$ cat coords25.cif   # mmCIF, C-alpha atoms
data_entry
loop_
_atom_site.group_PDB
_atom_site.id
_atom_site.type_symbol
_atom_site.label_atom_id
_atom_site.label_comp_id
_atom_site.auth_asym_id
_atom_site.auth_seq_id
_atom_site.Cartn_x
_atom_site.Cartn_y
_atom_site.Cartn_z
ATOM 1 C CA MET C 1 0.000 0.000 0.000
ATOM 2 C CA VAL C 2 1.420 3.394 -0.987
ATOM 3 C CA LYS C 3 0.659 6.693 0.755
ATOM 4 C CA ILE C 4 1.799 9.968 -0.827
ATOM 5 C CA ASP C 5 1.629 13.484 0.608
ATOM 6 C CA TYR C 6 1.611 16.339 -1.890
ATOM 7 C CA THR C 7 2.135 20.061 -1.528
ATOM 8 C CA ILE C 8 -0.456 22.339 -3.045
ATOM 9 C CA ALA C 9 2.158 23.366 -5.599
ATOM 10 C CA ASP C 10 2.484 19.699 -6.635
ATOM 11 C CA VAL C 11 -1.179 19.316 -7.574
ATOM 12 C CA ALA C 12 -2.462 22.822 -8.361
ATOM 13 C CA PRO C 13 -1.324 22.590 -12.037
ATOM 14 C CA TYR C 14 -3.757 19.652 -12.422
ATOM 15 C CA ILE C 15 -6.837 21.630 -11.383
ATOM 16 C CA ASN C 16 -9.664 21.548 -13.903
ATOM 17 C CA TRP C 17 -10.868 25.137 -13.711
ATOM 18 C CA ILE C 18 -13.941 24.457 -15.831
ATOM 19 C CA TYR C 19 -15.500 22.573 -12.919
ATOM 20 C CA PHE C 20 -14.446 25.308 -10.491
ATOM 21 C CA PHE C 21 -16.339 27.870 -12.563
ATOM 22 C CA HIS C 22 -19.324 25.554 -12.837
ATOM 23 C CA ALA C 23 -19.427 24.991 -9.057
ATOM 24 C CA TRP C 24 -19.071 28.729 -8.485
ATOM 25 C CA GLY C 25 -22.023 29.299 -10.780
ATOM 26 C CA SER C 26 -19.966 31.453 -13.110
ATOM 27 C CA SER C 27 -20.095 29.414 -16.326
ATOM 28 C CA SER C 28 -22.019 32.210 -18.033
ATOM 29 C CA MET C 29 -19.615 34.887 -16.726
ATOM 30 C CA PRO C 30 -17.657 36.809 -19.386
ATOM 31 C CA GLN C 31 -14.119 35.592 -20.015
ATOM 32 C CA GLN C 32 -12.574 38.556 -18.208
ATOM 33 C CA GLY C 33 -14.629 37.786 -15.107
ATOM 34 C CA ARG C 34 -13.544 34.119 -15.152
ATOM 35 C CA THR C 35 -9.913 35.167 -15.600
ATOM 36 C CA GLU C 36 -10.151 37.482 -12.584
ATOM 37 C CA LEU C 37 -11.885 34.818 -10.488
ATOM 38 C CA GLN C 38 -9.216 32.246 -11.360
ATOM 39 C CA ALA C 39 -6.457 34.726 -10.519
ATOM 40 C CA GLU C 40 -8.110 35.359 -7.149
ATOM 41 C CA ALA C 41 -8.362 31.617 -6.504
ATOM 42 C CA GLU C 42 -4.733 31.046 -7.479
ATOM 43 C CA GLU C 43 -3.668 33.790 -5.076
ATOM 44 C CA ARG C 44 -5.548 31.949 -2.289
ATOM 45 C CA LEU C 45 -3.651 28.779 -3.180
ATOM 46 C CA ARG C 46 -0.316 30.586 -3.017
ATOM 47 C CA ARG C 47 -1.199 32.064 0.363
ATOM 48 C CA CYS C 48 -2.085 28.722 1.933
ATOM 49 C CA ALA C 49 0.584 26.668 0.139
ATOM 50 C CA ASP C 50 2.564 26.091 3.344
ATOM 51 C CA ARG C 51 -0.500 25.574 5.517
ATOM 52 C CA TYR C 52 -2.252 22.604 3.910
ATOM 53 C CA ARG C 53 -1.356 19.391 2.097
ATOM 54 C CA ALA C 54 -3.107 16.952 -0.212
ATOM 55 C CA HIS C 55 -2.902 13.216 0.415
ATOM 56 C CA ALA C 56 -3.312 10.014 -1.580
ATOM 57 C CA VAL C 57 -3.313 6.314 -0.856
ATOM 58 C CA PHE C 58 -3.484 3.512 -3.388
ATOM 59 C CA GLU C 59 -2.730 -0.114 -4.005
ATOM 60 C CA ILE C 60 -2.441 -2.136 -7.196
ATOM 61 C CA TYR C 61 -3.970 -5.578 -6.816
ATOM 62 C CA ASP C 62 -3.939 -8.676 -8.970
ATOM 63 C CA ALA C 63 -7.571 -9.147 -9.910
ATOM 64 C CA TYR C 64 -9.991 -10.656 -12.398
ATOM 65 C CA GLY C 65 -13.527 -10.029 -13.581
ATOM 66 C CA GLU C 66 -16.141 -12.640 -12.726
ATOM 67 C CA ASP C 67 -19.680 -11.943 -13.914
ATOM 68 C CA ASP C 68 -20.467 -8.514 -12.388
ATOM 69 C CA ASP C 69 -17.770 -8.625 -9.699
ATOM 70 C CA ILE C 70 -14.124 -7.611 -9.667
ATOM 71 C CA VAL C 71 -12.307 -10.191 -7.561
ATOM 72 C CA VAL C 72 -9.030 -9.385 -5.810
ATOM 73 C CA ARG C 73 -6.711 -12.393 -6.011
ATOM 74 C CA ASP C 74 -3.684 -10.724 -4.496
ATOM 75 C CA THR C 75 -1.596 -12.520 -1.887
ATOM 76 C CA LYS C 76 -0.142 -9.334 -0.389
ATOM 77 C CA CYS C 77 -2.607 -9.153 2.482
ATOM 78 C CA GLU C 78 -5.775 -10.525 4.040
ATOM 79 C CA VAL C 79 -8.003 -9.040 1.329
ATOM 80 C CA ARG C 80 -7.358 -11.911 -1.068
ATOM 81 C CA GLY C 81 -10.677 -13.033 -2.479
ATOM 82 C CA ALA C 82 -12.341 -9.699 -1.713
ATOM 83 C CA ARG C 83 -15.015 -8.808 -4.221
ATOM 84 C CA ILE C 84 -15.888 -5.389 -5.566
ATOM 85 C CA PRO C 85 -19.497 -5.780 -6.736
ATOM 86 C CA CYS C 86 -20.425 -3.647 -9.730
ATOM 87 C CA LEU C 87 -23.697 -2.731 -11.423
ATOM 88 C CA ARG C 88 -24.661 -3.469 -15.022
ATOM 89 C CA GLN C 89 -26.701 -1.317 -17.369
ATOM 90 C CA GLN C 90 -30.185 -2.772 -17.789
ATOM 91 C CA GLN C 91 -32.109 -0.182 -19.741
ATOM 92 C CA GLN C 92 -33.208 -1.030 -23.245
ATOM 93 C CA GLY C 93 -30.940 0.639 -25.758
ATOM 94 C CA SER C 94 -27.880 0.602 -23.500
ATOM 95 C CA GLU C 95 -24.780 -1.471 -24.152
ATOM 96 C CA PHE C 96 -25.380 -3.423 -20.918
ATOM 97 C CA LEU C 97 -21.910 -2.518 -19.696
ATOM 98 C CA CYS C 98 -20.399 -3.296 -16.294
ATOM 99 C CA LEU C 99 -16.986 -2.235 -14.987
ATOM 100 C CA ALA C 100 -16.120 -5.885 -14.385
ATOM 101 C CA ASP C 101 -16.243 -6.359 -18.178
ATOM 102 C CA PHE C 102 -12.995 -4.384 -18.399
ATOM 103 C CA VAL C 103 -11.014 -6.581 -16.002
ATOM 104 C CA GLY C 104 -9.534 -9.684 -17.638
ATOM 105 C CA LYS C 105 -8.884 -13.113 -16.178
ATOM 106 C CA GLN C 106 -5.221 -12.286 -15.450
ATOM 107 C CA ASP C 107 -5.343 -8.579 -14.731
ATOM 108 C CA LYS C 108 -4.764 -5.847 -12.184
ATOM 109 C CA ILE C 109 -6.800 -3.019 -10.708
ATOM 110 C CA GLY C 110 -5.839 0.113 -8.845
ATOM 111 C CA VAL C 111 -7.792 1.162 -5.756
ATOM 112 C CA PHE C 112 -7.243 4.742 -4.579
ATOM 113 C CA ALA C 113 -8.417 7.666 -2.494
ATOM 114 C CA THR C 114 -7.318 11.298 -2.332
ATOM 115 C CA THR C 115 -8.153 14.137 0.040
ATOM 116 C CA VAL C 116 -6.937 17.457 1.414
ATOM 117 C CA ASP C 117 -6.360 18.631 4.967
ATOM 118 C CA ALA C 118 -9.741 19.116 6.635
ATOM 119 C CA GLY C 119 -8.783 22.647 7.654
ATOM 120 C CA MET C 120 -9.377 23.896 4.124
ATOM 121 C CA GLU C 121 -13.076 23.226 4.701
ATOM 122 C CA LYS C 122 -13.255 24.377 8.319
ATOM 123 C CA ASP C 123 -10.810 27.196 8.947
ATOM 124 C CA PHE C 124 -12.732 29.878 7.062
ATOM 125 C CA ASP C 125 -16.224 29.468 8.574
ATOM 126 C CA PRO C 126 -16.456 33.038 9.946
ATOM 127 C CA ASP C 127 -16.335 34.520 6.425
ATOM 128 C CA PRO C 128 -18.998 33.081 4.052
ATOM 129 C CA TYR C 129 -17.178 34.207 0.900
ATOM 130 C CA GLU C 130 -13.818 32.801 2.005
ATOM 131 C CA ARG C 131 -15.498 29.610 3.193
ATOM 132 C CA MET C 132 -17.124 29.043 -0.192
ATOM 133 C CA MET C 133 -13.935 29.882 -2.088
ATOM 134 C CA MET C 134 -11.778 27.544 -0.008
ATOM 135 C CA GLN C 135 -14.296 24.697 -0.034
ATOM 136 C CA LEU C 136 -14.497 24.830 -3.813
ATOM 137 C CA LEU C 137 -10.725 24.951 -4.073
ATOM 138 C CA ALA C 138 -10.429 22.002 -1.683
ATOM 139 C CA ASP C 139 -12.804 20.001 -3.930
ATOM 140 C CA ARG C 140 -10.746 20.870 -7.000
ATOM 141 C CA LEU C 141 -7.481 19.995 -5.236
ATOM 142 C CA ALA C 142 -8.797 16.565 -4.252
ATOM 143 C CA GLU C 143 -9.691 15.918 -7.899
ATOM 144 C CA ALA C 144 -6.353 17.355 -9.061
ATOM 145 C CA THR C 145 -4.551 15.048 -6.645
ATOM 146 C CA ALA C 146 -6.360 12.084 -8.190
ATOM 147 C CA GLU C 147 -5.221 13.278 -11.630
ATOM 148 C CA ARG C 148 -1.608 13.603 -10.505
ATOM 149 C CA LEU C 149 -1.685 10.253 -8.709
ATOM 150 C CA HIS C 150 -3.194 8.489 -11.729
ATOM 151 C CA GLU C 151 -0.429 9.855 -13.945
ATOM 152 C CA GLN C 152 2.200 8.440 -11.584
ATOM 153 C CA VAL C 153 0.417 5.096 -11.400
ATOM 154 C CA ARG C 154 0.122 4.774 -15.189
ATOM 155 C CA LYS C 155 3.733 5.727 -15.866
ATOM 156 C CA HIS C 156 5.602 4.357 -12.857
ATOM 157 C CA TYR C 157 3.873 2.380 -10.098
ATOM 158 C CA TRP C 158 1.718 0.168 -12.340
ATOM 159 C CA GLY C 159 3.700 1.201 -15.376
ATOM 160 C CA TYR C 160 1.290 0.102 -18.083
ATOM 161 C CA ALA C 161 1.873 3.376 -19.970
ATOM 162 C CA PRO C 162 5.575 4.168 -19.342
ATOM 163 C CA ASP C 163 5.972 6.115 -22.578
ATOM 164 C CA GLU C 164 2.921 8.323 -22.077
ATOM 165 C CA HIS C 165 3.623 11.966 -22.872
ATOM 166 C CA LEU C 166 0.477 13.998 -22.256
ATOM 167 C CA SER C 167 0.113 17.627 -21.326
ATOM 168 C CA VAL C 168 -2.056 18.452 -18.325
ATOM 169 C CA GLY C 169 -4.704 19.697 -20.745
ATOM 170 C CA GLU C 170 -4.719 16.352 -22.539
ATOM 171 C CA MET C 171 -4.937 14.525 -19.224
ATOM 172 C CA LEU C 172 -7.936 16.620 -18.203
ATOM 173 C CA GLN C 173 -9.520 15.538 -21.493
ATOM 174 C CA GLU C 174 -8.930 11.928 -20.338
ATOM 175 C CA ARG C 175 -6.763 10.975 -23.307
ATOM 176 C CA TRP C 176 -4.872 8.448 -21.212
ATOM 177 C CA GLN C 177 -5.357 4.688 -21.539
ATOM 178 C CA GLY C 178 -7.922 3.159 -19.218
ATOM 179 C CA ILE C 179 -10.412 4.826 -16.886
ATOM 180 C CA ARG C 180 -10.560 6.085 -13.305
ATOM 181 C CA PRO C 181 -14.187 5.598 -12.180
ATOM 182 C CA ALA C 182 -14.904 7.362 -8.904
ATOM 183 C CA VAL C 183 -17.331 6.145 -6.268
ATOM 184 C CA GLY C 184 -20.617 8.025 -6.487
ATOM 185 C CA TYR C 185 -20.239 8.724 -10.217
ATOM 186 C CA PRO C 186 -22.472 7.228 -12.954
ATOM 187 C CA SER C 187 -20.585 3.961 -13.534
ATOM 188 C CA LEU C 188 -20.004 3.380 -9.792
ATOM 189 C CA PRO C 189 -23.030 5.061 -8.191
ATOM 190 C CA ASP C 190 -23.186 3.241 -4.845
ATOM 191 C CA THR C 191 -21.488 5.515 -2.289
ATOM 192 C CA SER C 192 -21.559 2.734 0.309
ATOM 193 C CA LEU C 193 -19.003 0.887 -1.836
ATOM 194 C CA ASN C 194 -16.502 3.011 0.059
ATOM 195 C CA PHE C 195 -16.771 0.465 2.883
ATOM 196 C CA VAL C 196 -15.335 -2.152 0.498
ATOM 197 C CA LEU C 197 -12.580 0.193 -0.678
ATOM 198 C CA ASP C 198 -11.746 1.025 2.922
ATOM 199 C CA ARG C 199 -10.844 -2.627 3.471
ATOM 200 C CA LEU C 200 -8.487 -2.439 0.516
ATOM 201 C CA VAL C 201 -6.639 0.842 1.145
ATOM 202 C CA ASN C 202 -7.497 1.950 4.715
ATOM 203 C CA LEU C 203 -8.939 5.399 4.075
ATOM 204 C CA ARG C 204 -8.274 6.531 7.640
ATOM 205 C CA GLN C 205 -4.536 6.658 7.070
ATOM 206 C CA ILE C 206 -5.031 9.805 4.987
ATOM 207 C CA GLY C 207 -7.655 11.247 7.325
ATOM 208 C CA ILE C 208 -10.845 10.092 5.577
ATOM 209 C CA ARG C 209 -13.702 8.812 7.720
ATOM 210 C CA LEU C 210 -16.954 7.363 6.441
ATOM 211 C CA THR C 211 -20.497 8.273 7.430
ATOM 212 C CA GLU C 212 -23.206 5.631 7.893
ATOM 213 C CA SER C 213 -24.018 5.863 4.195
ATOM 214 C CA GLY C 214 -20.379 5.637 3.077
ATOM 215 C CA ALA C 215 -19.980 9.338 2.279
ATOM 216 C CA MET C 216 -16.457 10.617 2.897
ATOM 217 C CA LYS C 217 -15.359 13.287 5.343
ATOM 218 C CA PRO C 218 -13.648 15.636 4.501
ATOM 219 C CA HIS C 219 -16.093 16.291 1.688
ATOM 220 C CA ALA C 220 -13.122 17.226 -0.499
ATOM 221 C CA SER C 221 -12.175 13.588 -1.061
ATOM 222 C CA VAL C 222 -12.214 11.233 -4.036
ATOM 223 C CA SER C 223 -12.139 7.432 -4.078
ATOM 224 C CA GLY C 224 -12.408 4.882 -6.827
ATOM 225 C CA LEU C 225 -10.756 2.381 -9.127
ATOM 226 C CA MET C 226 -8.144 2.486 -11.863
ATOM 227 C CA LEU C 227 -8.627 0.174 -14.831
ATOM 228 C CA ALA C 228 -6.035 -0.177 -17.582
ATOM 229 C CA HIS C 229 -7.996 -2.018 -20.284
ATOM 230 C CA PRO C 230 -7.510 -0.109 -23.586
ATOM 231 C CA GLU C 231 -11.206 -0.453 -24.420
ATOM 232 C CA ALA C 232 -12.445 0.619 -20.981
ATOM 233 C CA ARG C 233 -14.742 3.629 -21.076
ATOM 234 C CA TYR C 234 -17.101 5.508 -18.828
ATOM 235 C CA PHE C 235 -20.823 4.874 -18.893
ATOM 236 C CA ASN C 236 -23.947 5.611 -16.898
ATOM 237 C CA VAL C 237 -25.450 2.592 -15.129
ATOM 238 C CA GLY C 238 -28.822 4.342 -15.158
ATOM 239 C CA LYS C 239 -31.971 2.710 -13.844
ATOM 240 C CA ILE C 240 -31.864 -0.870 -12.603
ATOM 241 C CA GLY C 241 -34.674 -3.313 -11.810
ATOM 242 C CA ASP C 242 -35.543 -5.099 -8.586
ATOM 243 C CA ASP C 243 -33.854 -8.239 -9.911
ATOM 244 C CA GLN C 244 -30.452 -6.529 -10.082
ATOM 245 C CA LEU C 245 -31.053 -4.635 -6.848
ATOM 246 C CA GLU C 246 -31.634 -7.933 -5.012
ATOM 247 C CA ASP C 247 -28.650 -9.605 -6.666
ATOM 248 C CA TYR C 248 -26.394 -6.631 -5.912
ATOM 249 C CA ALA C 249 -27.547 -6.487 -2.277
ATOM 250 C CA ARG C 250 -26.716 -10.197 -1.969
ATOM 251 C CA ARG C 251 -23.257 -9.680 -3.447
ATOM 252 C CA ARG C 252 -22.682 -6.696 -1.145
ATOM 253 C CA ASP C 253 -24.066 -8.651 1.821
ATOM 254 C CA VAL C 254 -26.363 -5.730 2.648
ATOM 255 C CA PRO C 255 -30.139 -5.936 3.321
ATOM 256 C CA VAL C 256 -32.200 -5.100 0.235
ATOM 257 C CA GLY C 257 -34.074 -2.354 2.072
ATOM 258 C CA LEU C 258 -30.849 -0.598 3.018
ATOM 259 C CA MET C 259 -29.400 -1.005 -0.469
ATOM 260 C CA ARG C 260 -32.591 0.523 -1.847
ATOM 261 C CA LYS C 261 -31.723 3.687 0.125
ATOM 262 C CA PHE C 262 -28.135 3.693 -1.162
ATOM 263 C CA LEU C 263 -29.263 3.299 -4.783
ATOM 264 C CA GLY C 264 -32.399 5.418 -4.711
ATOM 265 C CA GLY C 265 -31.329 7.455 -7.730
ATOM 266 C CA ASN C 266 -30.911 4.304 -9.837
ATOM 267 C CA LEU C 267 -34.273 2.688 -9.047
#

$ encode --input "coords25.cif" --output "structure tokens"
Amino acid sequence: MVKIDYTIADVAPYINWIYFFHAWGSSSMPQQGRTELQAEAEERLRRCADRYRAHAVFEIYDAYGEDDDIVVRDTKCEVRGARIPCLRQQQQGSEFLCLADFVGKQDKIGVFATTVDAGMEKDFDPDPYERMMMQLLADRLAEATAERLHEQVRKHYWGYAPDEHLSVGEMLQERWQGIRPAVGYPSLPDTSLNFVLDRLVNLRQIGIRLTESGAMKPHASVSGLMLAHPEARYFNVGKIGDDQLEDYARRRDVPVGLMRKFLGGNL
């Protein structure tokens, strides 16, 4: 298991400012206004560069896909045989994809989480404007840390793309091989899956704790998987039927009623 601490200067170049503007509600702002807002945000980052850090933890496991599960077959620790249950598209007209489809019989997966020091979300409460600015920057830094970490994993730690030469702009356009599906996003919508990932990478060692539903605290945190398959792509699971809900709850070993709450948006 690998834990990496980053300075803000390490990860700030990987920020996707488009999502910052969207979260700020300034997507319709004139270009000059967005430029000024970004300059203001970058000045905040420079000011707090020595005060806060970003953190990442990951592990690369031997794994294989079996039906709709990703099975860890690694011998490195007690998680051998652990299953990461996934959901499959069921709606008519979809491609009926599942993330497990992109994990071969002799393959690997990356499991990761990134976060920033909790103070970035808490230390500015007295000032509503500063609080909003710093919370949005903390969110972007957590995502930027995932981008930086993924680059290192592809080129060095896993090393399946050692000759990759992409600019940050190209990385933000996801031109790299494979995918990095995050928990809570359309292809991995079950937030409670974080309990499974916690067994695999111990989220607490970088300061992440989980709520009863599996949401992460600090909020500025990202968790998910890294898949290297050249044909892997993102998709939206969309709506699922009671048959898959019951099967997924069984594979997760969670009561159907509770899983119904976790997957309310997909039912």

$ residues_near_point --input "coords25.cif" --point "(-5.1, 18.6, -16.9)" --cutoff "8 Å" --atoms "all atoms listed in the file" --output "PyMOL selection string"
chain C and resi 13-16+147+167-173

$ residues_around --input "coords25.cif" --residues "C:Pro85" --least-positions-apart "5" --cutoff "12 Å" --atoms "only C-alpha atoms" --output "PyMOL selection string"
chain C and resi 65-72+98-101+187-190+192-197+244-245+247-254

$ closest_residue --input "coords25.cif" --among "C:Gln106, C:Gln31, C:Thr114, C:Gln38" --to "C:Val201" --atoms "only C-alpha atoms"
C:Thr114

$ closest_residue --input "coords25.cif" --among "C:Gly224, C:Pro255, C:Gly265, C:Gly25" --to "C:Met132" --atoms "all atoms listed in the file"
C:Gly25

$ resolve_selection --input "coords25.cif" --expression "the PyMOL selection byres ((chain C and resi 41) around 12)" --output "JSON, numbers by chain"
{"C": [12, 15, 17, 20, 21, 24, 34, 35, 36, 37, 38, 39, 40, 42, 43, 44, 45, 46, 47, 48, 129, 130, 132, 133, 134, 135, 136, 137, 138, 140, 141]}

$ atom_distance --input "coords25.cif" --atom1 "atom CA of C:Glu59" --atom2 "atom CA of C:Ile109"
8.4 Å

$ atom_distance --input "coords25.cif" --atom1 "atom CA of C:Arg154" --atom2 "atom CA of C:Tyr234"
17.6 Å

$ axis_aligned_box --input "coords25.cif" --around "stretch 49-59 of chain C" --padding-each-side "8 Å" --output "AutoDock Vina command-line options"
--center_x -0.5 --center_y 13.3 --center_z 0.8 --size_x 22.0 --size_y 42.8 --size_z 25.5

$ closest_residue --input "coords25.cif" --among "C:Val103, C:Ala54, C:Ala144, C:Ala113" --to "C:Tyr19" --atoms "all atoms listed in the file"
C:Ala144

$ atom_distance --input "coords25.cif" --atom1 "atom CA of C:His219" --atom2 "atom CA of C:Lys122"
10.8 Å

$ build_atoms --input "coords25.cif" --residues "stretch 90-121 of chain C" --atoms "N, CA and C atoms" --output "PDB file, keeping the file's coordinate frame"
ATOM      1  N   GLN C  90     -29.050  -1.901 -17.477  1.00  0.00           N
ATOM      2  CA  GLN C  90     -30.185  -2.772 -17.789  1.00  0.00           C
ATOM      3  C   GLN C  90     -31.174  -2.154 -18.762  1.00  0.00           C
ATOM      4  N   GLN C  91     -31.094  -0.844 -18.940  1.00  0.00           N
ATOM      5  CA  GLN C  91     -32.109  -0.182 -19.741  1.00  0.00           C
ATOM      6  C   GLN C  91     -32.014  -0.562 -21.211  1.00  0.00           C
ATOM      7  N   GLN C  92     -33.151  -0.722 -21.821  1.00  0.00           N
ATOM      8  CA  GLN C  92     -33.208  -1.030 -23.245  1.00  0.00           C
ATOM      9  C   GLN C  92     -32.506   0.068 -24.027  1.00  0.00           C
ATOM     10  N   GLY C  93     -31.677  -0.325 -24.963  1.00  0.00           N
ATOM     11  CA  GLY C  93     -30.940   0.639 -25.758  1.00  0.00           C
ATOM     12  C   GLY C  93     -29.549   0.912 -25.242  1.00  0.00           C
ATOM     13  N   SER C  94     -29.231   0.444 -24.032  1.00  0.00           N
ATOM     14  CA  SER C  94     -27.880   0.602 -23.500  1.00  0.00           C
ATOM     15  C   SER C  94     -26.990  -0.505 -24.043  1.00  0.00           C
ATOM     16  N   GLU C  95     -25.715  -0.432 -23.730  1.00  0.00           N
ATOM     17  CA  GLU C  95     -24.780  -1.471 -24.152  1.00  0.00           C
ATOM     18  C   GLU C  95     -24.642  -2.576 -23.098  1.00  0.00           C
ATOM     19  N   PHE C  96     -25.396  -2.441 -22.010  1.00  0.00           N
ATOM     20  CA  PHE C  96     -25.380  -3.423 -20.918  1.00  0.00           C
ATOM     21  C   PHE C  96     -23.976  -3.607 -20.362  1.00  0.00           C
ATOM     22  N   LEU C  97     -23.286  -2.479 -20.169  1.00  0.00           N
ATOM     23  CA  LEU C  97     -21.910  -2.518 -19.696  1.00  0.00           C
ATOM     24  C   LEU C  97     -21.832  -2.634 -18.178  1.00  0.00           C
ATOM     25  N   CYS C  98     -20.720  -3.193 -17.709  1.00  0.00           N
ATOM     26  CA  CYS C  98     -20.399  -3.296 -16.294  1.00  0.00           C
ATOM     27  C   CYS C  98     -18.891  -3.106 -16.181  1.00  0.00           C
ATOM     28  N   LEU C  99     -18.426  -2.458 -15.126  1.00  0.00           N
ATOM     29  CA  LEU C  99     -16.986  -2.235 -14.987  1.00  0.00           C
ATOM     30  C   LEU C  99     -16.204  -3.540 -14.956  1.00  0.00           C
ATOM     31  N   ALA C 100     -16.810  -4.597 -14.440  1.00  0.00           N
ATOM     32  CA  ALA C 100     -16.120  -5.885 -14.385  1.00  0.00           C
ATOM     33  C   ALA C 100     -15.806  -6.415 -15.780  1.00  0.00           C
ATOM     34  N   ASP C 101     -16.516  -5.931 -16.800  1.00  0.00           N
ATOM     35  CA  ASP C 101     -16.243  -6.359 -18.178  1.00  0.00           C
ATOM     36  C   ASP C 101     -14.839  -5.960 -18.623  1.00  0.00           C
ATOM     37  N   PHE C 102     -14.285  -4.914 -17.973  1.00  0.00           N
ATOM     38  CA  PHE C 102     -12.995  -4.384 -18.399  1.00  0.00           C
ATOM     39  C   PHE C 102     -11.833  -4.895 -17.553  1.00  0.00           C
ATOM     40  N   VAL C 103     -12.070  -5.954 -16.799  1.00  0.00           N
ATOM     41  CA  VAL C 103     -11.014  -6.581 -16.002  1.00  0.00           C
ATOM     42  C   VAL C 103     -10.879  -8.020 -16.477  1.00  0.00           C
ATOM     43  N   GLY C 104      -9.733  -8.359 -17.060  1.00  0.00           N
ATOM     44  CA  GLY C 104      -9.534  -9.684 -17.638  1.00  0.00           C
ATOM     45  C   GLY C 104      -9.313 -10.767 -16.596  1.00  0.00           C
ATOM     46  N   LYS C 105      -9.061 -11.968 -17.079  1.00  0.00           N
ATOM     47  CA  LYS C 105      -8.884 -13.113 -16.178  1.00  0.00           C
ATOM     48  C   LYS C 105      -7.525 -13.095 -15.483  1.00  0.00           C
ATOM     49  N   GLN C 106      -6.537 -12.454 -16.074  1.00  0.00           N
ATOM     50  CA  GLN C 106      -5.221 -12.286 -15.450  1.00  0.00           C
ATOM     51  C   GLN C 106      -4.894 -10.796 -15.536  1.00  0.00           C
ATOM     52  N   ASP C 107      -5.387 -10.031 -14.589  1.00  0.00           N
ATOM     53  CA  ASP C 107      -5.343  -8.579 -14.731  1.00  0.00           C
ATOM     54  C   ASP C 107      -4.957  -7.930 -13.403  1.00  0.00           C
ATOM     55  N   LYS C 108      -5.000  -6.622 -13.392  1.00  0.00           N
ATOM     56  CA  LYS C 108      -4.764  -5.847 -12.184  1.00  0.00           C
ATOM     57  C   LYS C 108      -5.797  -4.736 -12.102  1.00  0.00           C
ATOM     58  N   ILE C 109      -5.993  -4.230 -10.894  1.00  0.00           N
ATOM     59  CA  ILE C 109      -6.800  -3.019 -10.708  1.00  0.00           C
ATOM     60  C   ILE C 109      -6.065  -2.114  -9.725  1.00  0.00           C
ATOM     61  N   GLY C 110      -6.313  -0.837  -9.840  1.00  0.00           N
ATOM     62  CA  GLY C 110      -5.839   0.113  -8.845  1.00  0.00           C
ATOM     63  C   GLY C 110      -7.017   0.543  -7.991  1.00  0.00           C
ATOM     64  N   VAL C 111      -6.792   0.649  -6.689  1.00  0.00           N
ATOM     65  CA  VAL C 111      -7.792   1.162  -5.756  1.00  0.00           C
ATOM     66  C   VAL C 111      -7.167   2.381  -5.090  1.00  0.00           C
ATOM     67  N   PHE C 112      -7.877   3.508  -5.048  1.00  0.00           N
ATOM     68  CA  PHE C 112      -7.243   4.742  -4.579  1.00  0.00           C
ATOM     69  C   PHE C 112      -8.219   5.627  -3.813  1.00  0.00           C
ATOM     70  N   ALA C 113      -7.647   6.576  -3.093  1.00  0.00           N
ATOM     71  CA  ALA C 113      -8.417   7.666  -2.494  1.00  0.00           C
ATOM     72  C   ALA C 113      -7.497   8.869  -2.373  1.00  0.00           C
ATOM     73  N   THR C 114      -8.067  10.060  -2.508  1.00  0.00           N
ATOM     74  CA  THR C 114      -7.318  11.298  -2.332  1.00  0.00           C
ATOM     75  C   THR C 114      -8.142  12.255  -1.479  1.00  0.00           C
ATOM     76  N   THR C 115      -7.459  13.155  -0.791  1.00  0.00           N
ATOM     77  CA  THR C 115      -8.153  14.137   0.040  1.00  0.00           C
ATOM     78  C   THR C 115      -7.227  15.310   0.305  1.00  0.00           C
ATOM     79  N   VAL C 116      -7.748  16.311   0.989  1.00  0.00           N
ATOM     80  CA  VAL C 116      -6.937  17.457   1.414  1.00  0.00           C
ATOM     81  C   VAL C 116      -7.124  17.630   2.914  1.00  0.00           C
ATOM     82  N   ASP C 117      -6.225  18.381   3.538  1.00  0.00           N
ATOM     83  CA  ASP C 117      -6.360  18.631   4.967  1.00  0.00           C
ATOM     84  C   ASP C 117      -7.730  19.230   5.269  1.00  0.00           C
ATOM     85  N   ALA C 118      -8.375  18.705   6.302  1.00  0.00           N
ATOM     86  CA  ALA C 118      -9.741  19.116   6.635  1.00  0.00           C
ATOM     87  C   ALA C 118      -9.842  20.610   6.934  1.00  0.00           C
ATOM     88  N   GLY C 119      -8.743  21.224   7.336  1.00  0.00           N
ATOM     89  CA  GLY C 119      -8.783  22.647   7.654  1.00  0.00           C
ATOM     90  C   GLY C 119      -9.208  23.521   6.504  1.00  0.00           C
ATOM     91  N   MET C 120      -8.967  23.086   5.276  1.00  0.00           N
ATOM     92  CA  MET C 120      -9.377  23.896   4.124  1.00  0.00           C
ATOM     93  C   MET C 120     -10.888  24.058   4.078  1.00  0.00           C
ATOM     94  N   GLU C 121     -11.613  23.120   4.672  1.00  0.00           N
ATOM     95  CA  GLU C 121     -13.076  23.226   4.701  1.00  0.00           C
ATOM     96  C   GLU C 121     -13.581  23.900   5.970  1.00  0.00           C
TER      97      GLU C 121
END
